Amino acid sequence: MEPTVTTEQQIAEWMVDQIREQGVLKQEDAIAHVRAEYGEQYLFTSESGNISLDKEIKKAFRKSHGGRVAWDRDGFFWAWT
């Protein structure tokens, strides 16, 4: 029996696929996709007032890319390292 894939894992895989295809993934594009496809419950507003991805998505994302993707703080995007 295959393990159940969570929505967070599906989103994380989509993110890795986008980076694989495009080279980068802008945070605003990831948020727009998650909002449109999965809903607001997978987003939250950070202490600094920015919209961010749910912590479980980020955890699944880190696991799925295995350290091969880096976050660019200044550009608000992820890219291959």
# chains A, B, ... in the order shown; residues from 1 in each chain; ligands from 1

call {"tool": "select_by_dssp", "arguments": {"residues": "chain A", "states": "helix (DSSP H, G or I)", "output": "ChimeraX atom specification"}}
result
/A:7-22,27-37,40-42,55-65

call {"tool": "residues_around", "arguments": {"residues": "Leu53 of chain A", "least_positions_apart": "6", "cutoff": "8 Å", "atoms": "only C-alpha atoms", "output": "ChimeraX atom specification"}}
result
/A:31,42-44

call {"tool": "write_last_selection", "arguments": {"atoms": "N, CA, C and O atoms", "output": "PDB file, in the first residue's frame"}}
result
ATOM      1  N   ILE A  31       2.802  31.562  -3.645  1.00  0.00           N
ATOM      2  CA  ILE A  31       1.641  31.952  -2.840  1.00  0.00           C
ATOM      3  C   ILE A  31       0.393  32.046  -3.711  1.00  0.00           C
ATOM      4  O   ILE A  31      -0.672  31.550  -3.329  1.00  0.00           O
ATOM      5  N   TYR A  42      -3.557  27.289   3.719  1.00  0.00           N
ATOM      6  CA  TYR A  42      -2.160  26.895   3.565  1.00  0.00           C
ATOM      7  C   TYR A  42      -1.216  28.092   3.558  1.00  0.00           C
ATOM      8  O   TYR A  42      -0.047  27.959   3.234  1.00  0.00           O
ATOM      9  N   LEU A  43      -1.752  29.258   3.917  1.00  0.00           N
ATOM     10  CA  LEU A  43      -0.969  30.485   3.989  1.00  0.00           C
ATOM     11  C   LEU A  43      -1.152  31.113   5.362  1.00  0.00           C
ATOM     12  O   LEU A  43      -2.135  30.851   6.048  1.00  0.00           O
ATOM     13  N   PHE A  44      -0.196  31.948   5.756  1.00  0.00           N
ATOM     14  CA  PHE A  44      -0.367  32.727   6.979  1.00  0.00           C
ATOM     15  C   PHE A  44       0.358  34.055   6.834  1.00  0.00           C
ATOM     16  O   PHE A  44       1.200  34.205   5.961  1.00  0.00           O
TER      17      PHE A  44
END

call {"tool": "closest_atom_pairs", "arguments": {"of": "segment 24-51 of chain A", "to": "segment 65-74 of chain A", "cutoff": "12 Å", "atoms": "only C-alpha atoms", "output": "tab-separated table"}}
result
residue	atom	partner	partner_atom	distance
A:Val24	CA	A:Val69	CA	9.1
A:Leu25	CA	A:Trp71	CA	9.5
A:Lys26	CA	A:Asp72	CA	9.4
A:Gln27	CA	A:Trp71	CA	9.5

call {"tool": "closest_atom_pairs", "arguments": {"of": "segment 58-78 of chain A", "to": "segment 4-23 of chain A", "cutoff": "9 Å", "atoms": "only C-alpha atoms", "output": "CSV"}}
result
residue,atom,partner,partner_atom,distance
A:Lys58,CA,A:Ala12,CA,7.3
A:Lys59,CA,A:Ala12,CA,8.6
A:Ala60,CA,A:Gln9,CA,5.5
A:Phe61,CA,A:Ala12,CA,4.4
A:Arg62,CA,A:Ala12,CA,8.2
A:Lys63,CA,A:Ala12,CA,8.7
A:Ser64,CA,A:Glu13,CA,6.7
A:His65,CA,A:Val16,CA,6.5
A:Val69,CA,A:Ile19,CA,8.4
A:Trp78,CA,A:Ile19,CA,7.4

call {"tool": "select_by_dssp", "arguments": {"residues": "chain A", "states": "strand (DSSP E or B)", "output": "PDB file with C-alpha atoms, in the first residue's frame"}}
result
ATOM      1  CA  VAL A  24      13.765  29.750  -9.810  1.00  0.00           C
ATOM      2  CA  LEU A  25      10.421  30.089  -8.026  1.00  0.00           C
ATOM      3  CA  LYS A  26       9.310  33.495  -6.772  1.00  0.00           C
ATOM      4  CA  LEU A  43      -0.969  30.485   3.989  1.00  0.00           C
ATOM      5  CA  PHE A  44      -0.367  32.727   6.979  1.00  0.00           C
ATOM      6  CA  THR A  45       0.661  36.294   7.669  1.00  0.00           C
ATOM      7  CA  ILE A  51       2.044  36.441   3.466  1.00  0.00           C
ATOM      8  CA  SER A  52       3.957  33.194   3.754  1.00  0.00           C
ATOM      9  CA  LEU A  53       3.529  29.491   3.090  1.00  0.00           C
ATOM     10  CA  VAL A  69      17.492  24.650  -3.214  1.00  0.00           C
ATOM     11  CA  ALA A  70      18.370  27.932  -1.512  1.00  0.00           C
ATOM     12  CA  TRP A  71      16.204  30.873  -0.499  1.00  0.00           C
ATOM     13  CA  ASP A  72      17.275  34.294  -1.760  1.00  0.00           C
ATOM     14  CA  PHE A  77      12.712  33.472  -4.473  1.00  0.00           C
ATOM     15  CA  TRP A  78      14.068  29.932  -4.283  1.00  0.00           C
ATOM     16  CA  ALA A  79      16.678  28.620  -6.739  1.00  0.00           C
ATOM     17  CA  TRP A  80      18.969  25.633  -7.273  1.00  0.00           C
TER      18      TRP A  80
END

call {"tool": "atom_distance", "arguments": {"atom1": "atom CA of Pro3 of chain A", "atom2": "atom CA of Ala32 of chain A"}}
result
27.9 Å

call {"tool": "decode", "arguments": {"residues": "segment 55-77 of chain A", "atoms": "N, CA, C and O atoms", "output": "tab-separated table (two decimals), in the first residue's frame"}}
result
chain	number	residue	atom	x	y	z
A	55	LYS	N	3.96	26.45	7.57
A	55	LYS	CA	5.20	25.83	8.03
A	55	LYS	C	5.31	24.36	7.59
A	55	LYS	O	6.39	23.88	7.31
A	56	GLU	N	4.19	23.65	7.53
A	56	GLU	CA	4.21	22.25	7.10
A	56	GLU	C	4.60	22.13	5.63
A	56	GLU	O	5.25	21.17	5.23
A	57	ILE	N	4.21	23.11	4.82
A	57	ILE	CA	4.62	23.12	3.41
A	57	ILE	C	6.13	23.33	3.33
A	57	ILE	O	6.82	22.63	2.61
A	58	LYS	N	6.63	24.28	4.10
A	58	LYS	CA	8.06	24.55	4.08
A	58	LYS	C	8.86	23.33	4.54
A	58	LYS	O	9.90	23.02	3.97
A	59	LYS	N	8.35	22.63	5.55
A	59	LYS	CA	9.01	21.43	6.05
A	59	LYS	C	9.04	20.35	4.96
A	59	LYS	O	10.08	19.75	4.70
A	60	ALA	N	7.91	20.13	4.29
A	60	ALA	CA	7.83	19.14	3.21
A	60	ALA	C	8.73	19.56	2.04
A	60	ALA	O	9.39	18.72	1.42
A	61	PHE	N	8.80	20.85	1.77
A	61	PHE	CA	9.62	21.38	0.69
A	61	PHE	C	11.11	21.12	0.96
A	61	PHE	O	11.83	20.62	0.11
A	62	ARG	N	11.55	21.41	2.19
A	62	ARG	CA	12.95	21.17	2.55
A	62	ARG	C	13.29	19.68	2.39
A	62	ARG	O	14.35	19.33	1.88
A	63	LYS	N	12.38	18.84	2.81
A	63	LYS	CA	12.58	17.39	2.70
A	63	LYS	C	12.65	16.96	1.23
A	63	LYS	O	13.48	16.14	0.87
A	64	SER	N	11.80	17.53	0.40
A	64	SER	CA	11.72	17.10	-1.00
A	64	SER	C	12.91	17.57	-1.85
A	64	SER	O	13.26	16.91	-2.81
A	65	HIS	N	13.52	18.70	-1.50
A	65	HIS	CA	14.67	19.14	-2.30
A	65	HIS	C	16.00	18.73	-1.70
A	65	HIS	O	17.03	18.81	-2.36
A	66	GLY	N	15.98	18.24	-0.47
A	66	GLY	CA	17.19	17.69	0.15
A	66	GLY	C	18.39	18.62	0.17
A	66	GLY	O	19.52	18.18	-0.02
A	67	GLY	N	18.16	19.90	0.37
A	67	GLY	CA	19.26	20.85	0.48
A	67	GLY	C	19.78	21.37	-0.85
A	67	GLY	O	20.77	22.09	-0.89
A	68	ARG	N	19.12	21.04	-1.95
A	68	ARG	CA	19.60	21.47	-3.27
A	68	ARG	C	19.03	22.81	-3.69
A	68	ARG	O	19.38	23.33	-4.74
A	69	VAL	N	18.12	23.37	-2.89
A	69	VAL	CA	17.49	24.65	-3.21
A	69	VAL	C	17.81	25.65	-2.11
A	69	VAL	O	17.83	25.30	-0.93
A	70	ALA	N	18.07	26.88	-2.49
A	70	ALA	CA	18.37	27.93	-1.51
A	70	ALA	C	17.36	29.06	-1.65
A	70	ALA	O	16.85	29.33	-2.73
A	71	TRP	N	17.10	29.72	-0.54
A	71	TRP	CA	16.20	30.87	-0.50
A	71	TRP	C	17.03	32.13	-0.67
A	71	TRP	O	18.04	32.32	0.00
A	72	ASP	N	16.63	33.00	-1.58
A	72	ASP	CA	17.27	34.29	-1.76
A	72	ASP	C	16.44	35.34	-1.03
A	72	ASP	O	15.37	35.71	-1.48
A	73	ARG	N	16.94	35.77	0.12
A	73	ARG	CA	16.23	36.71	0.98
A	73	ARG	C	15.94	38.05	0.31
A	73	ARG	O	14.88	38.62	0.49
A	74	ASP	N	16.89	38.53	-0.45
A	74	ASP	CA	16.73	39.84	-1.09
A	74	ASP	C	15.74	39.79	-2.26
A	74	ASP	O	14.99	40.73	-2.49
A	75	GLY	N	15.76	38.68	-3.00
A	75	GLY	CA	14.91	38.57	-4.18
A	75	GLY	C	13.58	37.88	-3.93
A	75	GLY	O	12.74	37.83	-4.81
A	76	PHE	N	13.40	37.33	-2.73
A	76	PHE	CA	12.17	36.60	-2.38
A	76	PHE	C	11.89	35.47	-3.37
A	76	PHE	O	10.80	35.35	-3.89
A	77	PHE	N	12.91	34.63	-3.62
A	77	PHE	CA	12.71	33.47	-4.47
A	77	PHE	C	13.61	32.32	-4.02
A	77	PHE	O	14.55	32.50	-3.28
